[in-house]
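Enquirer: Okay, handing you the structure first.
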Amino acid sequence: MAENGTELRIKGGKVYDPANGIDGEVRDVLVRDGRIVDKVSGKARTFDAHGMVVMPGGVDIHCHIAGPKVNLSRKLQPEDHRLDVHPATDVTRSGVGGVTPSTFATGYRYATLGYTAAFDAAVPPLAARHVIEEFHDTPVIDKGFYVLLGNNMFLYDLLKQGRKQDFKDAIAWWVTAARAAGVKLVNAGSDEFWKGRRNENVTDVNEEIDPFDLTPLQATAAFIEAVDELNLPHPTHIHCNNLGHSGNVQTTLDTMKSAEGHRAHIAHIQFHSYAGEPGKRVQTGSEAIIDYINNNENITTDIGMVMFGKATAMTADAPLTWMLRFKDTKWVNADTECESGCGVMPFEYQDTNYTHTMQWAIGLELFLLSQDPWRVMFSTDHPNGASFRTYPRLIRLLMDRGFRSEMMGRVNQKAIKNCLLPQLDREYTLSEIAIITRAAPARALGLVNKGHLGVGADADITIYTDDENRERMFNAPRYVIKAGKPIIEDHEFVDDHIGRFLHTEPEHDPAIEDQIRPFFEDYYSIQFNNYRVDASYLHDHEVIPLRNSGNKKKGNK
Amino acid sequence: MSETKTPEAEKDEPNIRIVEDATCTFCGCVCDDMELTVDLDANRITKAKNACVLGRAWFLQHGIEDHPQAMIEGREVPLEEAMDEAARILHEAKFPITYGLSDSPCEAQRVAVAINDLVRGNIDTTTSVCHGPSGIAFQGVGESTSTLGEVKNRADLVIYWGGNPAESHPRHFTRYTVTPKGRYIPNGKKDRYVVLIDVRKTPSAPVADQLIRVKPGRDFELLWALRALVRGRDIDPDIEEITGVSREVLDELVERMKNCNFGVLFFGMGLTMTRGRHFNSGALLALATDLNKHTHFVAKPVRGHGNVTGADNVVSWQTGYPFGVNFHRGYPRFNPGEYTTVDLLARGDADAALMIATDPASNFPKHAIEHLKKIPVISLDAKPTYTSRQARVAFMVATYGINTGGTVYRMDDVPITLRPAFDSPFPTDEEVLTGIHTRLKKLRANGRKKAA
C-alpha cells in the first residue's frame, strides 16, 4: 500500500478496462492511497501517457512459482541459472533466472511484463508454510495458491463412507488451515496407483481406486459440488486425469460433464485436448473441447499454451513426469504423505518435433476458436508449457496473423498439416487480450478489486508504449504501478514492494477437527497442532470474500 | 503462539508451564511431539517427554548463562555498539564471507542472505561439509524422494547406507521409519525388512534384519554393481574381493529391492564424506531412480543439524543454488570448491567473516583456522565457542526452539513452526542480523550520496 495521501494522475492514455466496458478510450486514471479514485487534488503526480496503452496489471491464474517443487527445480538446474543472471540494483535484490528463477527474480520479472498478481497452482497443505515463506521473498506481485486436495487420503475416506457434510467441512477446514485461495485436484485418485501399486497410473476415470471404492470421476464430481456449495471465490481448479496422452479428449469431456452444471475450472486444457489413439501420434482435439466450453457457462479454463524452448515439467502428477522421462534424464519424484505426489524434470519443446508442434498449435487453436474470452484465459502453466517470459510472444501470436503464419512455416510441417491452425485467421484485439490476461482471471478468482480500473479497484496499473509489434510492446511496459506506488518508470525499477498474500476462509463446522485429528495421529509424521499455518506467516494479506458474502462482483459482461 | 496450560496437579506452583507439541531442533529429525515441563523461576526445562537421549540433553541442560549479550574484543559492549561495529566490518571488507546457518530458523537465514546480497559477500552453510556432495549429485541425477510419513505409511523395505541413526538420530527408527505402524504397514516393524549397509557393525545393527559390511572406501563400487544388476547387466566376478560383499548377497538384495512395494534408501555421511563423495551420493540416487522401473523407490539423505534443510531451502529460493554462493558480481554464482568456506579460508581469500551458529575454529582444517585468526570475525551463537572467543565481535543469541520461535525444515523438507519454552535475555539471531542489515543499508546509502 502506498503511503497515505500519495496521488497519481495517469493522463491521456488509451485505457483498456473491459470489465468496465472501456475499450481504448482516451481518459485519465486517478489514484489515491493505493486505489483507483474519481478525483485527486492538484498535488497529484502526473504521468503523461499520451499515445500509450493503459491496462490493469496482469493476473496469472495458473503458474508454479513457489514452494518445494519449484525449489527442487531451482536446485536441480544450476546450468539454467548461470546463463541468465539477475543483478541487484540500488532498490532491488539480485537473483538468477532461467525457467525457474529465484524468488526475487520471479517477482521482478513478472512486474517487467506488467503482471501484478500470480497464483501458484499446486501446493500440498504440508508445504503451505514453505510457499508462504517464499511468497514473502517474491516481490512486487500479489500472490496466493490453490491447495492440493485431489489425492487427500482423509477426504477419500470420507467419500468412501458417504459422509458428504463432513467432506465439505473438511475441505473448508483444509483451505482455511493452509491459507489457500482455492482447491486444486491433480490427476484425482492417481496417488494410490503411483505410490501404492508400483508406479502405475489412472488410465480409466471410471476404474475404481482401491481401497476407496470410488472412481476418479466420482471423486472429481464430489469435489466440484462441495467447493461450489461452499461458495469459494474460485471453483475447483482441475488438472484432469490422463494429461498428455493421445485420446484424452474423452476424459476431459467426461470431467467437465461430471460438474453437472456446477462451476469448475479446467487447468491448462491444451494438455487435455488430444485426439487420436492412446500410445499413438497425437491429433488435435481442440474443436470438441472448445465447443463444449463455448456451450457450457459453468466451465472456465486456462489454456496452458506451449512455446518452443526450455521448459520444466513440474507437477503433482508424478506418473506424468515418469512417462515423459527419456534417456535417463535427471528426474525428481517427491511424495508427500497422505496428500500428494510430485514430479520435476527439465524439458525442451522443439519446433522440429511433431508432438511439440501439435501442442503449440492446439493451444493457439483453442484460443482462436473460443467464443467467450471471459471463460478461456491465458496461461502457459509456467514452467510446464513454457516460461512466463514467453507471454509477450504468445500474445503476439494471438494478435498477429502474419506473425503466426510466418512461424507456422518454420515448425514441423507434418503437424501443421494435421491441425486446424492454418484455417484460423482470427486476431485477438487489445481488449480481448486485456480480458484473457487480466479481467477474466481476476473475475474467476473472485478478486473484486483486481483486473479492472473502476473506482475502488487496487491501483495495479501497467502502461505500455503502443507498438505494432505486440511482442515488443508486452515485453517491456514503460510504467508499472503496484498498489498505487510507481515500481517501474521508463523501464527501470525505481522502488521495491513486498506484495500482498491473498487467501480465503470458507465457513465450516469447527468440530470437523475432532474427526481429522485421530487420522493425523495415525498417519501423519507431524503433530496436528503444528499443521495449521498460524497468523504470524500472513504479514500483509487479504481474505478473498466468499461468493455469498454480499460483496458480489459487478459483472458487466 | 505456544500452547500453555497449568496442569491440575500443579496448580499450587504457578511457575510451572507445560509446552505441548514443542519441537526439538537438536538433529535433522526435528521431532515436534515434545512435551516440555518448564520451571519458569529457574529458567529451566525439567522434563522433556518423548525426547530421545540427545533431545533430553538438549532441553534439560539448557540454561540461561550469565554472559554479556555482545562483546567487542572480549569487552562487554551495548548491543547497538556491537551491531554498529559488525556492520562497519562487513561494509569495509572487500571479501566478506558468511558461514553456518544450519542452527538458525529460516527467518534469520533469510536476513543473512540479504546481508550478503547487499555487501556482495559469499554465503555458505554447513551443508558444504556434510551433505554438500548429495546436493551436487542431486544437480546431476535428481532424486526420487518422499516425506518421512510416507515411509511410515508404506515402506516395506528400509535400507540405511553409511549411517548410524541409533546414535546420531535416535528416533529416526522409532518415530518415522522402522517401528511405527502406518496405513499400509499395520504391524510396524514386522511388515518391514530393514537392511544396514556400513563398514562396521554399529549400535544401529540390532534394528536391522540384515547387516551388509562393505570394505571401507568401496561404497561406489558396491552401488555401481547393484545398479548393473538392477538393470540386468553382468558385473565383475571379483566383486566380493573388491567390495567385501558376495555375489549371492548382492543378488538377494537386488531381488528384494525390485520386489518390494515401497522401498527407501537412507544415506549418511559415511557415504558422502568418504572416498568418492558426490559420486557415491549420485550412484545411490541413481540406484533409487533405476529401481522405479520395477517398483516405487525413494531415497533420502539423513541430515544432521536441526535446520540445515531450511538453510538449503532458503539459500536456494533466494539465490537458485543450495550452498557455496558468491555475490561479488552483484548476482549469485555457485561453485563448490571455490565458494565453499573451507576452501576459501584455506586459500586465504576472505577479509572478514560472519559466523552464524557454528564453530569453525574448533572443527575446520588447520589452514582454514589459521586464516580465520587473521581476519575480523563476527560470531552469533547461543553458547560461547572457540570461534566466539576469538571473534572481534561476539553476539550471544537466544537458543532457537527453546527461547525463540521461527520456522525449521525437517530433513524431508517439511516446515515446522517452533514453540519456545521460555524467554531469554539474549536477542534472537534474526534481531541481530536485521540490526546489522539495517545499518548496512544506511552505510551503503551514505556511500552513494558521497559518491554522487
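Lettering and numbering for the C-alpha cells are positional, with chains as A, B, ... in the shown order, residues counted from 1 in each chain, and ligands counted from 1 in the shown order.
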Could you pull out the residues in region 215-244 of chain A that DSSP calls strand (DSSP E or B) from the backbone, as a list in words?

Expert: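 Across region 215-244 of chain A, those assigned strand (DSSP E or B) are Thr236, His237, Ile238 and His239 of chain A.
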
Enquirer: Report as a PDB file with C-alpha atoms, in the first residue's frame all protein, DNA and RNA residues lying within 8 Å of His541 (chain A), evaluated on only C-alpha atoms, omitting residues in the same chain fewer than 3 positions from it.

Expert:
```
ATOM      1  CA  ARG A 500       0.153  -8.979  -0.631  1.00  0.00           C
ATOM      2  CA  PHE A 501      -0.843 -12.552   0.200  1.00  0.00           C
ATOM      3  CA  LEU A 502      -4.369 -13.496  -0.902  1.00  0.00           C
ATOM      4  CA  HIS A 503      -6.321 -16.349   0.634  1.00  0.00           C
ATOM      5  CA  LEU A 538       0.498 -13.798   6.844  1.00  0.00           C
TER       6      LEU A 538
END
```

Enquirer: Hey, can you check how far CA of Val205 (chain A) sits from CA of Ile224 (chain A)?

Expert: 15.5 Å

Enquirer: So which residues touch Gly484 (chain A) within 9 Å, counting only C-alpha atoms, skipping near sequence neighbours fewer than 2 positions away, as a PyMOL selection string?

Expert: chain A and resi 1-3+6-8+31-36+458-461+481-482+486

Enquirer: Show me, as a VMD selection string, the residues of chain A whose atoms get within 6 Å of chain B, using only C-alpha atoms for the distance check.

Expert: chain A and resid 71 74 to 76 87 to 88 94 to 95 102 to 103 198 to 199 330 to 337 523 to 525

Enquirer: Would you mind exporting the chosen residues as a CSV table (one decimal), in the first residue's frame, restricted to N, CA and C atoms?

Expert:
```
chain,number,residue,atom,x,y,z
A,71,ASN,N,11.4,-25.1,-5.7
A,71,ASN,CA,12.7,-25.0,-5.2
A,71,ASN,C,13.6,-26.2,-5.6
A,74,ARG,N,14.8,-25.4,-8.9
A,74,ARG,CA,15.9,-24.4,-8.9
A,74,ARG,C,17.2,-25.1,-8.6
A,75,LYS,N,17.1,-26.0,-7.5
A,75,LYS,CA,18.3,-26.7,-7.1
A,75,LYS,C,18.8,-27.6,-8.2
A,76,LEU,N,17.9,-28.2,-9.0
A,76,LEU,CA,18.2,-29.2,-10.0
A,76,LEU,C,18.9,-28.6,-11.2
A,87,PRO,N,21.1,-9.2,-11.8
A,87,PRO,CA,21.8,-8.4,-10.9
A,87,PRO,C,21.0,-7.5,-10.0
A,88,ALA,N,21.5,-7.2,-8.8
A,88,ALA,CA,20.8,-6.3,-7.9
A,88,ALA,C,20.9,-4.9,-8.4
A,94,SER,N,19.1,-9.2,-5.9
A,94,SER,CA,19.6,-9.9,-7.0
A,94,SER,C,19.0,-11.3,-7.1
A,95,GLY,N,19.3,-12.0,-8.1
A,95,GLY,CA,18.8,-13.4,-8.2
A,95,GLY,C,19.3,-14.0,-9.5
A,102,SER,N,14.9,-17.6,-9.2
A,102,SER,CA,14.9,-17.4,-7.8
A,102,SER,C,13.7,-16.5,-7.4
A,103,THR,N,13.3,-16.5,-6.2
A,103,THR,CA,12.1,-15.8,-5.8
A,103,THR,C,12.1,-14.3,-6.2
A,198,ARG,N,3.2,-49.7,-7.3
A,198,ARG,CA,4.5,-49.8,-8.1
A,198,ARG,C,4.4,-48.9,-9.3
A,199,ASN,N,4.2,-47.7,-9.1
A,199,ASN,CA,4.3,-46.7,-10.2
A,199,ASN,C,3.3,-46.8,-11.4
A,330,LYS,N,17.8,-36.4,-15.9
A,330,LYS,CA,17.6,-36.2,-14.4
A,330,LYS,C,16.1,-35.9,-14.1
A,331,TRP,N,15.7,-36.5,-13.0
A,331,TRP,CA,14.3,-36.6,-12.7
A,331,TRP,C,14.1,-36.5,-11.2
A,332,VAL,N,13.1,-35.8,-10.8
A,332,VAL,CA,12.8,-35.7,-9.3
A,332,VAL,C,11.4,-36.3,-9.1
A,333,ASN,N,11.3,-37.1,-8.1
A,333,ASN,CA,10.0,-37.5,-7.6
A,333,ASN,C,9.9,-37.2,-6.1
A,334,ALA,N,8.8,-36.6,-5.6
A,334,ALA,CA,8.8,-36.3,-4.2
A,334,ALA,C,7.4,-36.5,-3.7
A,335,ASP,N,7.2,-37.6,-2.9
A,335,ASP,CA,5.9,-38.0,-2.4
A,335,ASP,C,5.6,-37.2,-1.1
A,336,THR,N,4.4,-36.6,-0.9
A,336,THR,CA,4.0,-36.0,0.3
A,336,THR,C,3.0,-36.9,1.0
A,337,GLU,N,3.3,-37.3,2.2
A,337,GLU,CA,2.4,-38.2,2.9
A,337,GLU,C,0.9,-37.8,2.9
A,523,TYR,N,-1.5,-41.4,10.8
A,523,TYR,CA,-0.8,-41.5,9.5
A,523,TYR,C,0.1,-40.3,9.1
A,524,TYR,N,0.1,-39.2,9.9
A,524,TYR,CA,1.0,-38.2,9.5
A,524,TYR,C,2.2,-38.3,10.4
A,525,SER,N,3.3,-37.5,10.0
A,525,SER,CA,4.5,-37.6,10.8
A,525,SER,C,4.8,-36.3,11.5
```

Enquirer: Calculated over only C-alpha atoms, which of the candidates B:Glu255, B:Arg247, B:Gly348, B:Glu85 has the smallest distance to Asp234 (chain B)?

Expert: B:Arg247
